[in-house]
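Text of the file final_12.txt, holding compact mmCIF, C-alpha atoms and all ligand atoms:
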# COMPACT_ATOMS: atom_id res chain seq x y z
CA MET A 248 -15.68 13.99 14.04
CA GLN A 249 -19.17 14.33 15.53
CA MET A 250 -20.17 11.05 13.94
CA ALA A 251 -16.98 9.32 15.10
CA LEU A 252 -17.70 10.43 18.68
CA THR A 253 -21.32 9.27 18.50
CA VAL A 254 -20.29 5.86 17.17
CA LEU A 255 -17.56 5.60 19.79
CA PHE A 256 -19.95 6.52 22.58
CA GLU A 257 -22.72 4.15 21.46
CA THR A 258 -20.31 1.29 20.88
CA THR A 259 -18.55 1.76 24.20
CA LYS A 260 -21.92 1.92 26.01
CA TYR A 261 -23.00 -1.29 24.29
CA GLU A 262 -19.75 -3.02 25.22
CA VAL A 263 -19.98 -1.92 28.88
CA GLU A 264 -23.63 -2.97 29.17
CA ASN A 265 -22.85 -6.35 27.66
CA LYS A 266 -19.85 -7.02 29.93
CA SER A 267 -17.60 -6.97 26.92
CA PHE A 268 -14.06 -8.34 26.79
CA LEU A 269 -12.91 -5.43 24.66
CA PHE A 270 -11.24 -3.83 27.67
CA GLN A 271 -9.12 -6.96 28.20
CA TYR A 272 -5.94 -7.91 26.32
CA GLY A 273 -7.87 -10.10 23.88
CA PRO A 274 -6.55 -12.98 21.78
CA THR A 275 -3.23 -12.35 20.04
CA ILE A 276 -4.66 -12.76 16.56
CA GLY A 277 -7.77 -10.65 17.26
CA THR A 278 -11.22 -11.67 18.50
CA THR A 279 -13.27 -14.16 16.53
CA GLU A 280 -15.96 -11.51 16.07
CA PHE A 281 -13.50 -8.99 14.61
CA ARG A 282 -11.94 -11.51 12.25
CA GLU A 283 -15.31 -12.90 11.18
CA THR A 284 -16.72 -9.43 10.50
CA LEU A 285 -13.55 -8.35 8.71
CA ALA A 286 -13.56 -11.52 6.57
CA SER A 287 -17.07 -10.83 5.31
CA PHE A 288 -16.30 -7.11 4.73
CA LEU A 289 -13.20 -8.01 2.70
CA THR A 290 -14.92 -10.83 0.81
CA GLU A 291 -17.51 -8.34 -0.35
CA GLY A 292 -14.97 -5.58 -1.09
CA TYR A 293 -12.46 -7.78 -2.94
CA CYS A 294 -15.20 -9.87 -4.63
CA SER A 295 -13.08 -12.84 -3.66
CA GLU A 296 -13.25 -15.06 -0.62
CA VAL A 297 -11.32 -14.14 2.54
CA ASN A 298 -11.28 -16.64 5.39
CA LYS A 299 -11.46 -15.63 9.02
CA SER A 300 -8.89 -18.30 9.87
CA ASP A 301 -6.26 -16.57 7.68
CA LEU A 302 -6.65 -13.15 9.33
CA VAL A 303 -4.45 -11.67 12.05
CA GLN A 304 -5.26 -8.29 13.59
CA THR A 305 -2.48 -5.67 13.55
CA SER A 306 -2.05 -1.99 14.39
CA GLY A 307 -1.81 -1.07 10.72
CA ALA A 308 0.30 -1.95 7.71
CA THR A 309 3.51 -0.39 9.01
CA SER A 310 3.39 -2.41 12.21
CA GLY A 311 2.37 -5.42 10.10
CA LEU A 312 5.58 -5.02 8.09
CA HIS A 313 7.59 -4.85 11.34
CA LEU A 314 5.93 -8.04 12.49
CA ILE A 315 6.66 -9.82 9.21
CA LEU A 316 10.31 -8.80 9.24
CA SER A 317 10.90 -9.61 12.87
CA THR A 318 9.10 -12.95 13.03
CA LEU A 319 9.24 -14.62 9.62
CA VAL A 320 12.49 -13.63 7.94
CA ASP A 321 16.08 -14.53 8.89
CA LEU A 322 17.66 -11.39 10.37
CA ALA A 323 20.76 -12.04 8.26
CA GLY A 324 18.49 -12.16 5.22
CA VAL A 325 17.63 -9.98 2.27
CA ILE A 326 14.80 -7.50 1.67
CA PHE A 327 14.05 -6.87 -2.00
CA VAL A 328 12.24 -3.59 -2.71
CA ASP A 329 10.93 -1.99 -5.90
CA GLU A 330 13.28 0.65 -7.26
CA TYR A 331 10.53 3.16 -6.40
CA THR A 332 8.70 2.26 -3.23
CA TYR A 333 6.75 3.65 -0.27
CA MET A 334 9.17 5.92 1.59
CA ILE A 335 8.04 5.05 5.14
CA ALA A 336 8.44 1.34 4.37
CA LEU A 337 12.01 2.12 3.26
CA GLU A 338 12.62 3.82 6.62
CA THR A 339 11.06 0.87 8.49
CA ILE A 340 13.13 -1.63 6.54
CA SER A 341 16.34 0.31 7.16
CA GLN A 342 15.86 -0.23 10.92
CA PHE A 343 16.60 -3.93 10.32
CA ASN A 344 20.26 -3.16 9.87
CA THR A 345 21.47 -6.74 9.88
CA MET A 346 19.52 -7.33 6.66
CA LYS A 347 20.59 -6.43 3.15
CA ILE A 348 18.32 -4.23 1.00
CA VAL A 349 18.30 -4.88 -2.74
CA PRO A 350 16.31 -2.72 -5.23
CA VAL A 351 14.46 -4.37 -8.10
CA PRO A 352 13.67 -2.68 -11.46
CA LEU A 353 9.99 -1.84 -11.87
CA GLU A 354 8.12 -1.83 -15.20
CA GLU A 355 4.61 -0.60 -16.04
CA ASP A 356 3.05 -3.96 -15.20
CA GLY A 357 5.17 -5.01 -12.23
CA PRO A 358 8.79 -5.89 -11.46
CA ASN A 359 11.15 -7.21 -14.10
CA VAL A 360 10.70 -10.88 -13.19
CA GLY A 361 13.84 -12.07 -15.03
CA THR A 362 16.01 -9.64 -13.07
CA LEU A 363 14.24 -10.58 -9.83
CA LYS A 364 14.95 -14.26 -10.49
CA GLY A 365 18.64 -13.50 -11.03
CA LEU A 366 18.78 -11.46 -7.81
CA PHE A 367 17.10 -14.25 -5.83
CA GLU A 368 19.61 -16.78 -7.21
CA GLN A 369 22.50 -14.46 -6.38
CA HIS A 370 21.46 -13.85 -2.73
CA ARG A 371 19.71 -17.08 -1.68
CA PHE A 372 20.94 -18.99 1.40
CA GLU A 373 19.59 -21.46 3.95
CA ALA A 374 17.47 -19.63 6.55
CA LYS A 375 18.26 -20.46 10.18
CA GLY A 376 15.39 -20.66 12.66
CA LYS A 377 13.04 -18.52 10.55
CA LEU A 378 10.65 -19.50 7.78
CA PHE A 379 12.20 -17.43 4.98
CA TRP A 380 15.70 -16.30 3.97
CA GLY A 381 14.35 -13.23 2.21
CA VAL A 382 11.31 -11.13 1.50
CA TYR A 383 10.15 -9.07 -1.47
CA TYR A 384 8.22 -6.04 -0.17
CA THR A 385 5.87 -4.61 -2.76
CA MET A 386 2.44 -3.11 -3.57
CA PRO A 387 0.88 -5.02 -6.51
CA THR A 388 -2.31 -2.90 -6.52
CA PHE A 389 -2.23 0.90 -6.91
CA HIS A 390 1.44 1.01 -6.09
CA ASN A 391 2.87 3.91 -4.11
CA PRO A 392 4.29 6.08 -5.73
CA THR A 393 3.75 4.87 -9.32
CA GLY A 394 0.01 3.97 -9.16
CA ILE A 395 0.56 0.83 -11.28
CA VAL A 396 -1.25 -2.50 -10.93
CA PHE A 397 0.71 -5.71 -11.56
CA SER A 398 -0.55 -7.60 -14.62
CA GLU A 399 -2.13 -11.03 -14.33
CA GLU A 400 0.80 -12.54 -16.20
CA LYS A 401 3.34 -11.01 -13.79
CA CYS A 402 1.28 -12.16 -10.79
CA HIS A 403 1.43 -15.77 -12.03
CA GLN A 404 5.16 -15.45 -12.72
CA LEU A 405 5.79 -13.97 -9.27
CA ILE A 406 3.95 -16.77 -7.48
CA LYS A 407 5.91 -19.39 -9.40
CA LEU A 408 9.18 -17.62 -8.73
CA ALA A 409 8.45 -17.13 -5.01
CA ARG A 410 7.77 -20.86 -4.63
CA GLU A 411 10.89 -21.90 -6.55
CA SER A 412 13.05 -19.41 -4.64
CA ASP A 413 11.50 -20.06 -1.23
CA ILE A 414 10.91 -16.38 -0.69
CA LEU A 415 8.12 -14.48 1.03
CA ILE A 416 6.27 -11.70 -0.80
CA ALA A 417 4.90 -9.09 1.63
CA CYS A 418 2.26 -7.01 -0.16
CA ASP A 419 0.99 -3.74 1.23
CA ASP A 420 -2.63 -3.97 0.12
CA VAL A 421 -3.78 -0.67 1.57
CA TYR A 422 -5.34 0.95 -1.53
CA ASN A 423 -7.11 -2.06 -3.09
CA LEU A 424 -10.62 -1.02 -2.09
CA LEU A 425 -10.15 2.51 -3.46
CA HIS A 426 -10.72 1.74 -7.14
CA TYR A 427 -12.30 4.22 -9.52
CA GLY A 428 -13.27 2.26 -12.62
CA ASP A 429 -16.65 0.58 -12.30
CA PRO A 430 -17.76 1.27 -8.68
CA ASP A 431 -19.72 -2.01 -8.65
CA GLY A 432 -16.94 -3.99 -10.31
CA ALA A 433 -14.21 -5.96 -8.56
CA PRO A 434 -10.87 -4.33 -7.71
CA PRO A 435 -7.74 -5.90 -9.21
CA LYS A 436 -7.19 -9.40 -7.84
CA ARG A 437 -4.70 -9.48 -4.97
CA LEU A 438 -1.41 -11.34 -5.44
CA PHE A 439 -2.40 -13.28 -2.31
CA ALA A 440 -5.47 -14.66 -4.14
CA TYR A 441 -3.22 -16.17 -6.85
CA ASP A 442 -1.21 -17.96 -4.16
CA ILE A 443 -4.05 -19.27 -1.99
CA ALA A 444 -5.92 -20.57 -5.05
CA ASP A 445 -3.34 -23.39 -5.18
CA LEU A 446 -3.80 -24.51 -1.57
CA GLY A 447 -4.53 -28.23 -1.70
CA VAL A 448 -3.78 -28.25 -5.45
CA VAL A 449 -0.01 -27.78 -5.64
CA GLU A 450 2.08 -30.30 -3.75
CA GLY A 451 4.27 -28.76 -1.05
CA TRP A 452 2.23 -25.52 -1.02
CA ARG A 453 3.32 -23.43 1.96
CA GLY A 454 1.95 -19.95 1.31
CA ASN A 455 4.47 -17.44 -0.05
CA VAL A 456 2.38 -14.27 0.06
CA ILE A 457 1.08 -12.10 2.89
CA SER A 458 -1.51 -9.45 2.21
CA ASN A 459 -0.85 -6.63 4.67
CA GLY A 460 -4.00 -4.52 4.99
CA SER A 461 -5.03 -1.42 6.90
CA PHE A 462 -8.02 0.72 7.81
CA SER A 463 -5.84 3.83 7.50
CA LYS A 464 -6.99 4.70 3.97
CA ILE A 465 -10.53 3.35 4.12
CA LEU A 466 -11.67 4.56 7.57
CA SER A 467 -9.03 6.61 9.31
CA PRO A 468 -5.29 6.40 10.05
CA GLY A 469 -5.79 7.53 13.67
CA ILE A 470 -7.50 4.30 14.68
CA ARG A 471 -4.24 2.39 14.04
CA LEU A 472 -5.89 -0.82 12.94
CA GLY A 473 -5.04 -3.30 10.24
CA TRP A 474 -4.77 -6.97 9.46
CA MET A 475 -2.62 -9.53 7.76
CA ASP A 476 -4.05 -12.19 5.52
CA GLY A 477 -1.98 -15.32 5.28
CA VAL A 478 0.01 -15.64 8.49
CA LEU A 479 -1.20 -18.40 10.74
CA LYS A 480 1.16 -17.67 13.62
CA SER A 481 2.00 -14.23 14.94
CA GLY A 482 3.98 -12.78 17.78
CA GLY A 483 2.00 -9.63 18.34
CA ALA A 484 -1.20 -8.67 20.10
CA ALA A 485 -2.89 -5.58 18.74
CA ASN A 486 -5.61 -3.20 19.49
CA ASN A 487 -8.49 -5.24 20.94
CA TYR A 488 -10.70 -2.27 21.78
CA THR A 489 -10.43 -0.62 18.35
CA GLY A 490 -11.04 -3.99 16.73
CA GLY A 491 -14.39 -4.17 18.53
CA ILE A 492 -15.36 -0.63 17.53
CA VAL A 493 -14.51 -1.30 13.90
CA SER A 494 -16.41 -4.61 13.91
CA THR A 495 -19.50 -2.65 14.95
CA LEU A 496 -18.84 -0.01 12.26
CA ILE A 497 -18.69 -2.75 9.65
CA GLN A 498 -21.78 -4.50 10.99
CA MET A 499 -23.72 -1.21 10.88
CA GLY A 500 -22.79 -0.84 7.20
CA LEU A 501 -20.88 2.39 7.94
CA ALA A 502 -17.49 1.14 6.77
CA ARG A 503 -18.85 0.21 3.35
CA ARG A 504 -20.53 3.60 3.04
CA GLN A 505 -17.28 5.32 3.97
CA VAL A 506 -15.33 3.41 1.31
CA GLN A 507 -17.97 4.34 -1.31
CA LEU A 508 -17.80 7.99 -0.26
CA TYR A 509 -13.99 8.06 -0.42
CA SER A 510 -13.99 6.28 -3.78
CA SER A 511 -16.42 8.66 -5.46
CA ASN A 512 -14.68 11.77 -4.01
CA TYR A 513 -11.21 10.54 -4.92
CA SER A 514 -12.30 9.58 -8.40
CA ALA A 515 -13.42 13.19 -9.03
CA ARG A 516 -10.18 14.51 -7.54
CA LEU A 517 -8.09 12.21 -9.71
CA GLN A 518 -9.94 13.38 -12.83
CA ALA A 519 -9.34 17.03 -11.91
CA MET A 520 -5.63 16.36 -11.45
CA LEU A 521 -5.29 14.36 -14.69
CA GLU A 522 -7.19 16.93 -16.78
CA THR A 523 -5.05 19.77 -15.44
CA LEU A 524 -1.82 17.90 -16.07
CA GLU A 525 -3.00 17.05 -19.57
CA ILE A 526 -3.50 20.74 -20.36
CA HIS A 527 -0.65 22.40 -18.47
CA LEU A 528 2.23 19.97 -17.94
CA PRO A 529 5.10 20.61 -20.39
CA LYS A 530 4.84 18.15 -23.28
CA GLU A 531 8.28 16.67 -22.60
CA CYS A 532 6.87 15.16 -19.39
CA SER A 533 4.59 12.17 -18.88
CA PHE A 534 2.43 10.94 -16.02
CA SER A 535 0.60 7.84 -14.80
CA ARG A 536 -3.20 7.53 -15.11
CA PRO A 537 -4.05 5.26 -12.19
CA GLN A 538 -7.41 3.56 -11.74
CA GLY A 539 -7.25 3.72 -7.95
CA GLY A 540 -5.18 4.63 -4.91
CA TYR A 541 -3.87 8.10 -4.03
CA PHE A 542 -1.03 9.00 -6.38
CA VAL A 543 0.02 10.31 -9.79
CA TRP A 544 3.68 9.73 -10.69
CA ILE A 545 5.17 12.33 -13.03
CA ARG A 546 8.25 11.80 -15.14
CA PHE A 547 10.37 14.79 -16.27
CA PRO A 548 13.19 14.67 -18.83
CA GLU A 549 16.29 12.95 -17.40
CA HIS A 550 18.24 16.18 -16.87
CA ILE A 551 15.55 17.86 -14.74
CA ASP A 552 16.24 17.76 -11.01
CA CYS A 553 12.81 17.45 -9.36
CA VAL A 554 14.23 18.13 -5.89
CA ALA A 555 15.24 21.61 -7.09
CA LEU A 556 12.07 22.02 -9.16
CA ASN A 557 9.93 21.13 -6.16
CA GLN A 558 11.72 23.70 -4.03
CA TYR A 559 11.36 26.32 -6.77
CA SER A 560 7.62 25.64 -7.05
CA MET A 561 7.23 25.77 -3.28
CA GLU A 562 8.99 29.14 -3.06
CA LYS A 563 7.18 30.61 -6.02
CA HIS A 564 3.65 29.21 -5.66
CA ARG A 565 3.60 27.33 -2.34
CA VAL A 566 2.79 24.11 -4.20
CA ALA A 567 4.91 20.98 -3.87
CA GLY A 568 4.80 17.24 -4.41
CA VAL A 569 7.23 14.64 -3.11
CA PRO A 570 10.37 14.32 -5.26
CA GLY A 571 11.44 10.91 -6.59
CA PRO A 572 14.57 10.24 -4.47
CA ARG A 573 12.42 9.81 -1.34
CA PHE A 574 11.02 6.64 -2.91
CA SER A 575 14.34 5.20 -3.97
CA PHE A 576 16.67 3.16 -1.76
CA SER A 577 19.63 4.30 -3.85
CA GLY A 578 18.48 7.96 -3.96
CA GLU A 579 17.76 7.86 -7.69
CA ALA A 580 14.54 8.86 -9.51
CA ARG A 581 15.60 12.56 -9.45
CA ASN A 582 13.52 13.29 -12.54
CA PHE A 583 10.28 12.07 -10.94
CA ILE A 584 7.76 13.66 -8.62
CA ARG A 585 4.71 12.21 -6.87
CA PHE A 586 1.45 14.08 -6.44
CA THR A 587 -1.31 13.01 -4.05
CA PHE A 588 -4.84 13.77 -5.20
CA ALA A 589 -6.71 12.40 -2.18
CA PHE A 590 -6.52 15.37 0.17
CA HIS A 591 -7.93 18.34 -1.73
CA ALA A 592 -11.15 19.26 -3.49
CA PRO A 593 -11.13 19.29 -7.35
CA ASP A 594 -11.05 23.10 -7.72
CA TYR A 595 -8.15 23.45 -5.34
CA LEU A 596 -6.31 20.70 -7.18
CA ARG A 597 -6.92 22.37 -10.55
CA ARG A 598 -5.47 25.65 -9.29
CA SER A 599 -2.49 24.17 -7.49
CA VAL A 600 -1.56 21.70 -10.22
CA ALA A 601 -1.77 24.50 -12.83
CA SER A 602 0.54 26.62 -10.62
CA PHE A 603 2.99 23.75 -10.28
CA CYS A 604 2.98 23.30 -14.07
CA ALA A 605 3.68 27.02 -14.53
CA ALA A 606 6.62 26.68 -12.13
CA ALA A 607 7.79 23.61 -14.08
CA ARG A 608 7.69 25.53 -17.39
CA ASP A 609 9.73 28.40 -15.88
CA PHE A 610 12.19 26.03 -14.25
CA MET A 611 12.66 24.04 -17.45
CA ALA A 612 13.11 27.20 -19.51
CA LYS A 613 15.85 28.29 -17.09
CA THR A 614 17.49 24.85 -17.07
CA GLY A 615 17.38 24.67 -20.86
CA PRO A 616 17.70 21.53 -22.99
CA VAL A 617 20.22 18.79 -22.08
C1 LIG B 701 1.89 1.57 0.62
C2 LIG B 701 1.51 2.01 2.00
N1 LIG B 701 1.58 1.14 3.01
C3 LIG B 701 1.24 1.50 4.25
C4 LIG B 701 0.80 2.78 4.54
C5 LIG B 701 0.47 3.15 5.96
O1 LIG B 701 -0.32 2.18 6.55
P1 LIG B 701 -0.62 2.22 8.12
O2 LIG B 701 -1.13 3.59 8.46
O3 LIG B 701 -1.65 1.17 8.31
O4 LIG B 701 0.64 1.93 8.84
C6 LIG B 701 0.73 3.73 3.52
C7 LIG B 701 0.32 5.12 3.80
O5 LIG B 701 0.60 6.05 3.07
C8 LIG B 701 1.09 3.34 2.21
O6 LIG B 701 1.07 4.20 1.18
Can you give me the file's structure in the form of structure tokens?
Amino acid sequence: MQMALTVLFETTKYEVENKSFLFQYGPTIGTTEFRETLASFLTEGYCSEVNKSDLVQTSGATSGLHLILSTLVDLAGVIFVDEYTYMIALETISQFNTMKIVPVPLEEDGPNVGTLKGLFEQHRFEAKGKLFWGVYYTMPTFHNPTGIVFSEEKCHQLIKLARESDILIACDDVYNLLHYGDPDGAPPKRLFAYDIADLGVVEGWRGNVISNGSFSKILSPGIRLGWMDGVLKSGGAANNYTGGIVSTLIQMGLARRQVQLYSSNYSARLQAMLETLEIHLPKECSFSRPQGGYFVWIRFPEHIDCVALNQYSMEKHRVAGVPGPRFSFSGEARNFIRFTFAFHAPDYLRRSVASFCAAARDFMAKTGPV
């Protein structure tokens, strides 16, 4: 907090002394300085080129999704979502009540592309006055809640399918820079990078992917700042002042340091959670072992109701996760639960995850076999 205030004070002083335009409305897509600084920060972080001219400043990924839905997709259109998906995005999407929501089966390496193709064929129509008739909202890298990363093969298939079906893929790319394998290695390639690689190569290329990014997980959610990569026109002005502050943070090298700090802390927290689950989780259950992001997704036997289990664990040990149905448009996934490892220190996680596992053993013993 102290550091945030110092940076804020110094940056504001600098801007005032230099007759800055940060206190004005600013250009709709964000200042050139912000987009230039962001482009070089992302190019370094993704280990893959990001162009300033493709970036649009937003107030975060959630408002980015609003913008995508309200400006680019026919309001009588269709929103495809993974069968398990980010719960707040589901709530956002549901506000667009003239649009149809269709869940898509998710496998360990991405959506079932054959089923997705069939669903696109079934729902496709001619968009009126908007660029796309439908959108597939997803998270190809460190998916929330499952933690999966889409395979290279699926990414190629998805790009091909999006082009053939004339559909937009809106990717929430908010966890990409939080990767815990080789800290100096590249994070998984964004789906957007597969699409843009064909610009000028594939005839009729129009851009079917938007990468919707945010500073919420890599600096702080309170600053309400994000960006979209891939939209050349936008109907929304965002947060000029914060954009200027964050440009300075990036230029001072503080943003990169913060991402490194988060990544090494979260990596230790993830290990603590995985080791504890390995030892204490009943053997009939399984769980994801993500390489990045915030979440571990735990599967219980089909007959176990994780909403009730979660409540039982909360009452008994004051430990809870988020039960599966919150991530499912159709209210399914009752035998799943999502844990977040990002918020607590390793020792705390070890104790609380062990308590949850004890509650799970009790609960399962009471419930009995199927
Ligand atoms: C997949 C995903 N998208 C978006 C967000 C929120 O982004 P923002 O704070 O920029 O709206 C989250 C936060 O949990 C998330 O998990």
Closest pair table for chain A residues within 6 Å of ligand LIG 701 (chain B), all atoms listed in the file, as a tab-separated table:
residue	atom	partner	partner_atom	distance
A:Gly307	CA	B:LIG701	O3	3.3
A:Ala308	CA	B:LIG701	O3	3.7
A:Thr309	CA	B:LIG701	O4	3.7
A:Tyr333	CA	B:LIG701	C1	5.4
A:Asn391	CA	B:LIG701	C1	5.4
A:Asp419	CA	B:LIG701	N1	5.2
A:Val421	CA	B:LIG701	N1	5.8
A:Ser461	CA	B:LIG701	O3	4.5
A:Ser463	CA	B:LIG701	O2	4.8
A:Pro468	CA	B:LIG701	O2	5.3
A:Gly473	CA	B:LIG701	O3	5.9
* **Non-local contacts of A:Pro358 (8 Å; all atoms listed in the file; under 5 positions in same chain excluded) as a ChimeraX atom specification** => /A:329,351-353,363,401
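As for atom CA of A:Arg546 and atom CA of A:Ser533, they are spaced 5.2 Å apart.
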For A:Ile497: contacts at 10 Å, all atoms listed in the file, fewer than 6 positions along chain excluded, given as a PDB file with C-alpha atoms, keeping the file's coordinate frame:
ATOM      1  CA  PHE A 281     -13.500  -8.990  14.610  1.00  0.00           C
ATOM      2  CA  THR A 284     -16.720  -9.430  10.500  1.00  0.00           C
ATOM      3  CA  LEU A 285     -13.550  -8.350   8.710  1.00  0.00           C
ATOM      4  CA  SER A 287     -17.070 -10.830   5.310  1.00  0.00           C
ATOM      5  CA  PHE A 288     -16.300  -7.110   4.730  1.00  0.00           C
ATOM      6  CA  GLY A 491     -14.390  -4.170  18.530  1.00  0.00           C
ATOM      7  CA  ARG A 503     -18.850   0.210   3.350  1.00  0.00           C
ATOM      8  CA  ARG A 504     -20.530   3.600   3.040  1.00  0.00           C
ATOM      9  CA  GLN A 505     -17.280   5.320   3.970  1.00  0.00           C
TER      10      GLN A 505
END
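As for atom CA of A:Thr587 and atom CA of A:Ala605, they are spaced 18.2 Å apart.
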* Structure fact -> Residue with the minimum atom-to-atom distance to A:Pro434, picked from A:Glu522, A:Glu291, A:Glu549, A:Glu531 with all atoms listed in the file counted, is A:Glu291
* Within 10 Å of (8.2, 20.9, -13.9), all atoms listed in the file: residues as a VMD selection string? -> chain A and resid 528 to 529 531 to 532 545 to 548 551 to 553 555 to 557 559 to 560 582 to 584 603 to 612
* Near A:Leu322, within 8 Å and counting all atoms listed in the file, which residues show up once chain neighbours fewer than 2 positions away are dropped, as a VMD selection string? -> chain A and resid 316 to 317 320 324 343 345 to 346
* Excluding same-chain residues fewer than 5 positions from stretch 442-457 of chain A, what lies within 9 Å of it counting only C-alpha atoms, as an MDAnalysis selection string? -> chainID A and resid 315 403 406:407 409:410 413:419 475:478
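Put simply, atom CA of A:Asp420 is 10.0 Å away from atom CA of A:Trp474.
Minimum atom-to-atom distance to A:Asp429, evaluated using only C-alpha atoms, belongs to A:Ser514 out of A:Val325, A:Ser310, A:Asp301, A:Ser514.
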* **Spatial neighbours of stretch 260-269 of chain A, max dist 9 Å, all atoms listed in the file, sep filter under 4 positions, as number ranges by chain** => A: 255-256, 273, 278, 487-492
With N, CA and C atoms as the goal, would you fill in the gaps in stretch 360-381 of chain A and present it as a short mmCIF file (atom, residue, chain, number, x, y, z; two decimals), keeping the file's coordinate frame?
data_model
loop_
_atom_site.label_atom_id
_atom_site.label_comp_id
_atom_site.auth_asym_id
_atom_site.auth_seq_id
_atom_site.Cartn_x
_atom_site.Cartn_y
_atom_site.Cartn_z
N VAL A 360 10.65 -9.58 -13.87
CA VAL A 360 10.70 -10.88 -13.19
C VAL A 360 12.03 -11.61 -13.47
N GLY A 361 12.56 -11.43 -14.68
CA GLY A 361 13.84 -12.07 -15.03
C GLY A 361 14.94 -11.55 -14.11
N THR A 362 14.98 -10.23 -13.94
CA THR A 362 16.01 -9.64 -13.07
C THR A 362 15.81 -10.11 -11.62
N LEU A 363 14.55 -10.15 -11.20
CA LEU A 363 14.24 -10.58 -9.83
C LEU A 363 14.74 -12.01 -9.60
N LYS A 364 14.51 -12.86 -10.58
CA LYS A 364 14.95 -14.26 -10.49
C LYS A 364 16.48 -14.32 -10.30
N GLY A 365 17.17 -13.53 -11.12
CA GLY A 365 18.64 -13.50 -11.03
C GLY A 365 19.08 -13.02 -9.65
N LEU A 366 18.41 -12.00 -9.13
CA LEU A 366 18.78 -11.46 -7.81
C LEU A 366 18.51 -12.49 -6.71
N PHE A 367 17.39 -13.20 -6.83
CA PHE A 367 17.10 -14.25 -5.83
C PHE A 367 18.20 -15.32 -5.88
N GLU A 368 18.58 -15.74 -7.09
CA GLU A 368 19.61 -16.78 -7.21
C GLU A 368 20.92 -16.29 -6.60
N GLN A 369 21.23 -15.03 -6.86
CA GLN A 369 22.50 -14.46 -6.38
C GLN A 369 22.56 -14.40 -4.84
N HIS A 370 21.42 -14.12 -4.18
CA HIS A 370 21.46 -13.85 -2.73
C HIS A 370 20.97 -15.01 -1.86
N ARG A 371 20.38 -16.03 -2.46
CA ARG A 371 19.71 -17.08 -1.68
C ARG A 371 20.66 -17.82 -0.73
N PHE A 372 20.18 -18.16 0.45
CA PHE A 372 20.94 -18.99 1.40
C PHE A 372 19.95 -19.78 2.24
N GLU A 373 20.45 -20.63 3.09
CA GLU A 373 19.59 -21.46 3.95
C GLU A 373 19.20 -20.68 5.20
N ALA A 374 17.90 -20.41 5.37
CA ALA A 374 17.47 -19.63 6.55
C ALA A 374 17.67 -20.46 7.82
N LYS A 375 18.06 -19.75 8.90
CA LYS A 375 18.26 -20.46 10.18
C LYS A 375 17.21 -20.00 11.19
N GLY A 376 16.35 -20.95 11.60
CA GLY A 376 15.39 -20.66 12.66
C GLY A 376 14.21 -19.79 12.25
N LYS A 377 14.17 -19.32 11.02
CA LYS A 377 13.04 -18.52 10.55
C LYS A 377 12.49 -19.18 9.28
N LEU A 378 11.27 -18.81 8.91
CA LEU A 378 10.65 -19.50 7.78
C LEU A 378 11.24 -19.12 6.43
N PHE A 379 11.73 -17.89 6.30
CA PHE A 379 12.20 -17.43 4.98
C PHE A 379 13.58 -16.77 5.07
N TRP A 380 14.38 -16.94 4.01
CA TRP A 380 15.70 -16.30 3.97
C TRP A 380 15.59 -14.85 3.46
N GLY A 381 14.48 -14.56 2.79
CA GLY A 381 14.35 -13.23 2.21
C GLY A 381 12.89 -12.88 1.98
#
